[in-house]
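Participant: Structure supplied as input-v3.cif; contents: mmCIF, C-alpha atoms.
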```cif
data_input
#
loop_
_atom_site.label_atom_id
_atom_site.label_comp_id
_atom_site.auth_asym_id
_atom_site.auth_seq_id
_atom_site.Cartn_x
_atom_site.Cartn_y
_atom_site.Cartn_z
CA MET A 1 -25.81 -7.00 1.55
CA GLU A 2 -26.38 -10.29 -0.18
CA SER A 3 -24.05 -13.17 0.54
CA LEU A 4 -22.87 -13.66 -3.06
CA PRO A 5 -21.64 -10.08 -3.60
CA MET A 6 -20.07 -10.17 -0.16
CA ILE A 7 -18.20 -13.39 -1.01
CA GLY A 8 -17.00 -11.81 -4.25
CA TRP A 9 -15.86 -8.69 -2.39
CA PHE A 10 -13.98 -10.72 0.22
CA ALA A 11 -12.43 -12.99 -2.43
CA PHE A 12 -11.16 -10.02 -4.44
CA THR A 13 -9.76 -8.31 -1.34
CA TYR A 14 -7.98 -11.29 0.18
CA LEU A 15 -6.55 -12.64 -3.09
CA SER A 16 -5.38 -9.13 -3.99
CA LEU A 17 -3.89 -8.83 -0.52
CA LEU A 18 -1.77 -11.92 -1.10
CA LEU A 19 -0.69 -10.61 -4.50
CA TYR A 20 0.19 -7.25 -2.95
CA VAL A 21 2.45 -8.93 -0.37
CA VAL A 22 4.21 -10.89 -3.14
CA VAL A 23 4.72 -7.69 -5.15
CA LEU A 24 6.18 -5.88 -2.13
CA VAL A 25 8.52 -8.80 -1.43
CA SER A 26 9.65 -8.69 -5.08
CA ILE A 27 10.43 -4.97 -4.77
CA VAL A 28 12.46 -5.58 -1.61
CA ARG A 29 14.36 -8.55 -3.08
CA HIS A 30 15.26 -6.55 -6.21
CA ARG A 31 15.98 -3.28 -4.39
CA ASN A 32 19.44 -3.14 -6.00
CA ASP A 33 18.00 -3.41 -9.50
CA LYS A 34 18.65 -0.20 -11.44
CA HIS A 35 14.95 0.10 -12.30
CA LEU A 36 13.33 -1.08 -9.07
CA ASN A 37 15.55 0.98 -6.75
CA SER A 38 14.18 4.30 -8.04
CA SER A 39 12.39 6.75 -5.76
CA PHE A 40 9.05 5.72 -7.26
CA PHE A 41 9.37 2.15 -6.00
CA VAL A 42 10.62 3.32 -2.60
CA ILE A 43 7.42 5.35 -2.26
CA SER A 44 5.37 2.45 -3.66
CA LEU A 45 6.85 0.18 -0.99
CA SER A 46 5.85 2.58 1.80
CA LEU A 47 2.39 3.00 0.27
CA GLY A 48 2.04 -0.76 -0.05
CA VAL A 49 2.85 -1.38 3.60
CA SER A 50 0.26 1.18 4.70
CA GLU A 51 -2.42 -0.20 2.36
CA VAL A 52 -1.81 -3.84 3.31
CA LEU A 53 -1.89 -3.06 7.04
CA SER A 54 -4.89 -0.75 6.66
CA THR A 55 -6.87 -3.42 4.81
CA ILE A 56 -6.02 -6.05 7.42
CA PHE A 57 -6.93 -3.78 10.33
CA ILE A 58 -10.19 -2.53 8.81
CA HIS A 59 -11.36 -6.06 8.05
CA PHE A 60 -10.28 -7.43 11.42
CA PHE A 61 -11.56 -4.60 13.63
CA GLN A 62 -14.56 -3.31 11.66
CA ILE A 63 -15.83 -5.48 8.83
CA TRP A 64 -15.69 -8.91 10.51
CA PRO A 65 -17.64 -7.85 13.62
CA LYS A 66 -19.95 -5.85 11.36
CA PHE A 67 -21.09 -9.07 9.69
CA GLY A 68 -21.12 -11.04 12.92
CA PHE A 69 -17.92 -13.09 12.55
CA LEU A 70 -16.80 -14.42 15.98
CA LEU A 71 -19.03 -11.84 17.61
CA ASP A 72 -19.91 -13.45 20.93
CA ALA A 73 -16.81 -15.62 21.21
CA PHE A 74 -14.25 -12.90 20.51
CA TYR A 75 -15.22 -9.29 19.83
CA LEU A 76 -17.87 -8.69 22.51
CA LYS A 77 -16.03 -10.86 25.02
CA LEU A 78 -12.31 -10.22 24.58
CA VAL A 79 -11.75 -7.03 22.60
CA LYS A 80 -11.59 -4.41 25.35
CA GLY A 81 -9.43 -1.51 26.52
CA TYR A 82 -6.70 -0.38 24.16
CA PHE A 83 -7.33 -3.39 21.94
CA ALA A 84 -10.77 -1.94 21.15
CA LEU A 85 -9.30 1.55 20.69
CA MET A 86 -7.10 0.19 17.90
CA CYS A 87 -10.29 -0.18 15.86
CA ASP A 88 -10.27 3.59 15.30
CA GLN A 89 -6.80 4.84 16.23
CA TRP A 90 -4.68 2.49 14.14
CA ASN A 91 -7.06 2.49 11.19
CA TRP A 92 -7.13 6.27 11.12
CA ALA A 93 -3.34 6.44 11.38
CA LEU A 94 -2.82 4.00 8.49
CA ILE A 95 -5.35 5.84 6.32
CA ASN A 96 -3.44 9.06 7.08
CA VAL A 97 -0.15 7.44 6.02
CA GLN A 98 -1.84 6.33 2.81
CA SER A 99 -3.04 9.89 2.15
CA TYR A 100 0.37 11.51 2.70
CA THR A 101 2.15 8.83 0.67
CA ILE A 102 -0.21 9.18 -2.29
CA PHE A 103 0.45 12.92 -2.17
CA LEU A 104 4.21 12.28 -2.09
CA ALA A 105 3.90 9.87 -5.03
CA THR A 106 1.92 12.49 -6.95
CA VAL A 107 4.62 15.11 -6.37
CA ASN A 108 7.24 12.53 -7.35
CA ARG A 109 5.53 11.78 -10.66
CA THR A 110 4.79 15.45 -11.37
CA THR A 111 8.40 16.54 -10.93
CA SER A 112 9.67 13.59 -12.97
CA ILE A 113 7.63 14.76 -15.96
CA VAL A 114 7.29 18.53 -15.53
CA PHE A 115 10.54 19.38 -13.70
CA PRO A 116 12.99 16.53 -14.41
CA SER A 117 16.04 18.53 -13.21
CA VAL A 118 14.35 19.19 -9.86
CA TYR A 119 13.26 15.56 -9.66
CA VAL A 120 16.85 14.31 -9.93
CA LYS A 121 18.01 16.62 -7.13
CA ILE A 122 15.16 16.08 -4.69
CA PHE A 123 14.09 12.48 -5.18
CA ASN A 124 17.33 10.62 -4.77
CA ARG A 125 17.11 7.37 -2.82
CA LYS A 126 18.33 8.81 0.48
CA ASN A 127 15.93 11.75 0.45
CA THR A 128 13.00 9.59 -0.59
CA ILE A 129 13.56 7.13 2.27
CA ALA A 130 13.76 10.07 4.69
CA MET A 131 10.47 11.48 3.34
CA CYS A 132 8.68 8.14 3.73
CA LEU A 133 9.97 7.66 7.27
CA SER A 134 8.93 11.21 8.13
CA ILE A 135 5.36 10.43 7.06
CA TRP A 136 5.19 7.48 9.46
CA ILE A 137 6.76 9.45 12.32
CA ILE A 138 4.50 12.49 11.86
CA THR A 139 1.43 10.26 11.70
CA ALA A 140 2.44 8.50 14.93
CA LEU A 141 2.80 11.87 16.67
CA ILE A 142 -0.61 13.03 15.43
CA PHE A 143 -2.60 9.94 16.41
CA SER A 144 -0.80 8.83 19.59
CA PRO A 145 -2.75 11.25 21.85
CA ILE A 146 -5.98 9.34 21.16
CA ALA A 147 -4.86 6.66 23.62
CA PHE A 148 -4.74 9.28 26.39
CA LEU A 149 -7.93 11.16 25.47
CA THR A 150 -10.62 8.48 25.21
CA VAL A 151 -11.48 4.78 25.22
CA SER A 152 -13.49 2.53 22.89
CA ARG A 153 -15.65 -0.54 23.24
CA TYR A 154 -17.63 -2.84 20.98
CA VAL A 155 -21.39 -2.33 20.97
CA ASP A 156 -23.85 -5.14 20.23
CA ASN A 157 -26.10 -3.75 17.50
CA ARG A 158 -28.16 -6.86 16.80
CA GLY A 159 -31.88 -6.25 16.83
CA ASN A 160 -31.51 -2.58 15.99
CA PRO A 161 -34.71 -1.64 14.14
CA ASP A 162 -33.20 1.23 12.11
CA GLY A 163 -32.26 -1.04 9.20
CA ASN A 164 -28.53 -0.86 9.88
CA ILE A 165 -27.01 -4.22 9.01
CA THR A 166 -24.10 -3.69 11.41
CA GLN A 167 -24.21 -6.45 14.03
CA ALA A 168 -21.45 -4.95 16.16
CA MET A 169 -19.27 -1.86 15.97
CA CYS A 170 -16.53 -0.18 17.93
CA SER A 171 -17.75 2.97 19.62
CA MET A 172 -15.43 5.73 20.85
CA GLU A 173 -16.52 7.23 24.17
CA SER A 174 -15.51 10.81 23.38
CA LYS A 175 -17.53 11.98 20.38
CA THR A 176 -15.55 15.22 20.34
CA VAL A 177 -12.26 13.38 19.82
CA GLN A 178 -13.91 11.22 17.19
CA PHE A 179 -15.30 14.21 15.30
CA VAL A 180 -11.98 16.13 15.39
CA TYR A 181 -9.97 13.23 13.99
CA VAL A 182 -12.60 12.24 11.41
CA PHE A 183 -12.76 15.85 10.23
CA PHE A 184 -8.95 16.01 10.06
CA ILE A 185 -8.68 12.79 8.06
CA SER A 186 -11.47 13.85 5.70
CA PHE A 187 -9.84 17.24 5.18
CA VAL A 188 -6.49 15.63 4.37
CA GLN A 189 -8.15 13.23 1.94
CA LEU A 190 -9.99 16.10 0.24
CA VAL A 191 -6.81 18.17 -0.14
CA VAL A 192 -4.81 15.22 -1.47
CA SER A 193 -7.57 14.41 -3.98
CA VAL A 194 -7.96 17.97 -5.28
CA VAL A 195 -4.24 18.77 -5.39
CA GLY A 196 -3.48 15.37 -6.92
CA LEU A 197 -5.97 15.85 -9.75
CA VAL A 198 -4.69 19.39 -10.40
CA LEU A 199 -1.07 18.22 -10.51
CA TYR A 200 -1.96 15.42 -12.87
CA GLY A 201 -3.68 17.95 -15.08
CA SER A 202 -0.28 19.61 -15.50
CA VAL A 203 1.38 16.23 -16.05
CA ILE A 204 -1.06 15.30 -18.82
CA THR A 205 -0.55 18.71 -20.44
CA VAL A 206 3.23 18.30 -20.47
CA ILE A 207 2.98 14.73 -21.81
CA LEU A 208 0.76 15.87 -24.68
CA ALA A 209 3.11 18.77 -25.44
CA GLN A 210 6.13 16.46 -25.43
CA LYS A 211 4.33 14.01 -27.68
CA PHE A 212 3.47 16.80 -30.14
CA ARG A 213 7.06 18.06 -30.22
CA ALA A 214 8.35 14.52 -30.63
CA GLN A 215 6.09 13.94 -33.60
CA ARG A 216 7.24 17.18 -35.22
CA ASN A 217 10.89 16.34 -34.64
CA ARG A 218 10.34 12.66 -35.52
CA ARG A 219 11.63 11.55 -32.15
CA ILE A 220 10.25 8.77 -30.00
CA LEU A 221 9.56 9.49 -26.33
CA VAL A 222 10.89 7.08 -23.72
CA PRO A 223 7.63 6.13 -21.95
CA VAL A 224 9.04 4.71 -18.70
CA GLU A 225 8.25 7.74 -16.52
CA VAL A 226 4.90 8.16 -18.27
CA ARG A 227 3.86 4.57 -17.55
CA LEU A 228 4.85 4.83 -13.90
CA SER A 229 2.98 8.12 -13.65
CA MET A 230 -0.19 6.46 -14.91
CA THR A 231 -0.02 4.08 -11.95
CA ILE A 232 -0.42 6.92 -9.47
CA PHE A 233 -2.91 8.76 -11.70
CA PHE A 234 -5.43 5.91 -11.51
CA GLN A 235 -4.67 5.60 -7.80
CA VAL A 236 -5.49 9.29 -7.28
CA VAL A 237 -8.77 8.94 -9.23
CA LEU A 238 -9.89 5.96 -7.12
CA TYR A 239 -8.72 7.70 -3.96
CA ALA A 240 -10.77 10.80 -4.85
CA ALA A 241 -13.86 8.66 -5.48
CA ASN A 242 -13.48 6.98 -2.08
CA CYS A 243 -12.97 10.40 -0.47
CA ILE A 244 -16.26 11.64 -1.95
CA VAL A 245 -18.12 8.63 -0.54
CA VAL A 246 -16.69 9.17 2.96
CA TYR A 247 -17.34 12.93 2.83
CA LEU A 248 -20.97 12.41 1.79
CA GLY A 249 -21.55 9.92 4.58
CA TYR A 250 -20.07 12.01 7.38
CA PHE A 251 -20.94 15.59 6.46
CA ILE A 252 -23.60 15.81 3.72
CA TYR A 253 -25.99 12.96 4.57
CA PRO A 254 -25.30 12.07 8.22
CA ASP A 255 -28.75 10.47 8.51
CA LYS A 256 -27.65 7.93 5.88
CA HIS A 257 -24.22 7.53 7.39
CA HIS A 258 -24.32 3.72 7.61
CA ILE A 259 -25.19 3.36 3.90
CA PHE A 260 -22.18 5.40 2.80
CA ILE A 261 -19.96 3.54 5.26
CA GLU A 262 -21.02 0.27 3.60
CA ILE A 263 -20.01 1.72 0.23
CA SER A 264 -16.77 3.20 1.58
CA TYR A 265 -15.59 -0.22 2.78
CA ILE A 266 -15.84 -1.51 -0.78
CA THR A 267 -14.40 1.60 -2.46
CA GLY A 268 -11.60 1.65 0.12
CA ASP A 269 -10.69 -1.96 -0.63
CA VAL A 270 -10.80 -1.33 -4.38
CA THR A 271 -8.59 1.75 -3.98
CA ALA A 272 -5.98 -0.03 -1.86
CA MET A 273 -6.00 -3.43 -3.55
CA SER A 274 -5.89 -2.08 -7.11
CA THR A 275 -2.34 -0.79 -6.59
CA PRO A 276 -0.50 -4.10 -7.22
CA TYR A 277 -2.40 -4.56 -10.48
CA PHE A 278 -1.49 -1.05 -11.65
CA LEU A 279 2.15 -1.60 -10.69
CA LEU A 280 2.36 -4.87 -12.58
CA PHE A 281 0.48 -3.53 -15.59
CA PHE A 282 2.61 -0.42 -16.05
CA SER A 283 6.02 -1.80 -14.98
CA SER A 284 7.44 -4.55 -17.18
CA ARG A 285 10.54 -4.83 -14.99
CA LEU A 286 8.43 -5.54 -11.92
CA ARG A 287 6.53 -8.21 -13.87
CA ARG A 288 9.80 -9.90 -14.79
CA ALA A 289 11.02 -9.69 -11.20
CA LEU A 290 7.80 -11.27 -9.97
CA VAL A 291 7.95 -14.08 -12.52
CA GLU A 292 11.62 -14.71 -11.77
CA GLY A 293 10.85 -14.94 -8.06
CA LEU A 294 7.95 -17.34 -8.55
CA ALA A 295 9.81 -19.51 -11.06
CA ARG A 296 13.08 -19.67 -9.14
CA GLN A 297 14.24 -23.27 -8.70
CA PRO A 298 16.06 -24.46 -5.56
CA LYS A 299 19.80 -24.71 -5.96
CA PRO A 300 21.04 -28.32 -6.36
CA SER A 301 22.97 -29.73 -3.44
CA VAL A 302 26.74 -29.92 -3.93
CA VAL A 303 28.57 -33.11 -3.01
CA ARG A 304 32.32 -32.80 -2.60
CA THR A 305 34.40 -35.92 -3.29
CA PRO A 306 38.11 -36.25 -2.54
CA ALA A 307 40.55 -36.71 -5.44
CA ILE A 308 44.06 -38.01 -4.61
CA ARG A 309 47.02 -37.11 -6.82
CA PHE A 310 50.46 -38.75 -6.33
CA SER A 311 53.73 -36.97 -7.19
CA GLN A 312 57.49 -37.60 -6.67
CA SER A 313 60.07 -34.90 -6.11
CA ARG A 314 63.20 -34.91 -8.29
CA SER A 315 65.44 -34.42 -5.24
CA SER A 316 63.78 -37.09 -3.18
CA HIS A 317 62.79 -40.71 -3.57
CA PHE A 318 59.68 -40.22 -1.43
CA VAL A 319 56.26 -40.18 -3.02
CA SER A 320 53.84 -37.47 -1.78
CA ALA A 321 50.06 -37.51 -2.02
CA THR A 322 47.83 -34.44 -2.45
CA VAL A 323 44.14 -34.58 -1.58
CA LYS A 324 41.86 -32.19 -3.48
CA LEU A 325 38.10 -31.82 -3.04
CA THR A 326 36.10 -31.67 -6.24
CA GLU A 327 32.39 -30.92 -6.70
CA ALA A 328 30.28 -33.72 -8.13
#
```
Turn the structure described in the file into structure tokens.

Facilitator:
Amino acid sequence: MESLPMIGWFAFTYLSLLLYVVVLVSIVRHRNDKHLNSSFFVISLSLGVSEVLSTIFIHFFQIWPKFGFLLDAFYLKLVKGYFALMCDQWNWALINVQSYTIFLATVNRTTSIVFPSVYVKIFNRKNTIAMCLSIWIITALIFSPIAFLTVSRYVDNRGNPDGNITQAMCSMESKTVQFVYVFFISFVQLVVSVVGLVLYGSVITVILAQKFRAQRNRRILVPVEVRLSMTIFFQVVLYAANCIVVYLGYFIYPDKHHIFIEISYITGDVTAMSTPYFLLFFSSRLRRALVEGLARQPKPSVVRTPAIRFSQSRSSHFVSATVKLTEA
């Protein structure tokens, strides 16, 4: 990979990562806002945490050593034991959280459009938080056994004549464990992609039908739920594209595995780091919250000065003084 495209890829990813963190902070700070405290933004917050952490871990544990960053000084020398196992275990777990959360967001958007009465009952704030926490807990239970089943280490791949540009990679000792978990993750991604596209087919059908009825009845649709639904729709499309790349590399063309892995790093970053742009584009309230947070001025310091007032009682000849603090 040429240096210029790689610099552009890294610049997009890291700048988008900073923007994503700012967007997530804005959602948390305005969690009591009547628009930003909906179930959609609760799910978006959980998805954002998984995508931010996944991007950081993949770049730190896989992409940086792949291109030789700090190879001899850090990765081949210090990253050992469980630290090396995190290269696969934690990345897989975070990708799994991303998959489940995208599926949850798809169901959320589908019910909001197709079954609005069901949506109100199921996706209240309490239930949505419980669903998101369940995803993280279930994922931890699924991927925790890896630490007891195998170990990983970084392999120096420099000088490899097969044309693979990877300079170093983390290698799991048990190939059986690796295959089982890779197959599981790929299967989950495939199911989420197919089901997500099918559900959005029903969403688009209902939106078109509502638009037709509104035109006949001369009514204007409130497009808030539609706009938010488009956020997840584009996310599902990008997610499905990334899933196809990974599936081709692992199961269809295993002899060209490293080529598809190179592509999957880029498609994975585009999938994860496009979310803040979709959120800001389709949510005007989130844009205002972000601008308000960035433009907020520090509160001026308050100086209190004493003010003395003299008074004399009618039944007494003594003069009394009252001290009152006033803000300047």

Participant: Between atom CA of Asp72 of chain A and atom CA of Asp156 of chain A, what is the distance in Å, rounded to a tenth?

Facilitator: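 Between these atoms lies a distance of 9.2 Å.
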
Participant: Could you tell me which residues the PyMOL selection byres ((chain A and resi 230) around 10) returns for this structure, as a PyMOL selection string?

Facilitator: chain A and resi 109+200+203-204+225-229+231-236+278-279+282

Participant: Report, in Å to a single decimal, how far apart atom CA of Leu197 of chain A and atom CA of His35 of chain A are.

Facilitator: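 Atom CA of Leu197 of chain A lies 26.3 Å from atom CA of His35 of chain A.
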
Participant: Please list as a list in words every residue within 10 Å of segment 126-134 of chain A, counting only C-alpha atoms and excluding residues in the same chain fewer than 4 positions away.

Facilitator: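 Listed by chain and then number, they are Ser38, Ser39, Phe40, Phe41, Val42, Ile43, Ser44, Leu45, Ser46, Leu47, Val97, Tyr100, Thr101, Leu104, Asn108, Lys121, Ile122, Ile138, Thr139 and Ala140 of chain A.
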
Participant: Within 9 Å of segment 242-255 of chain A, counting all atoms listed in the file, which residues qualify if same-chain residues fewer than 5 places away don't, as JSON, numbers by chain?

Facilitator: {"A": [182, 183, 186, 187, 189, 190, 193, 237, 260, 261, 263, 264, 265, 266, 267, 268, 271]}
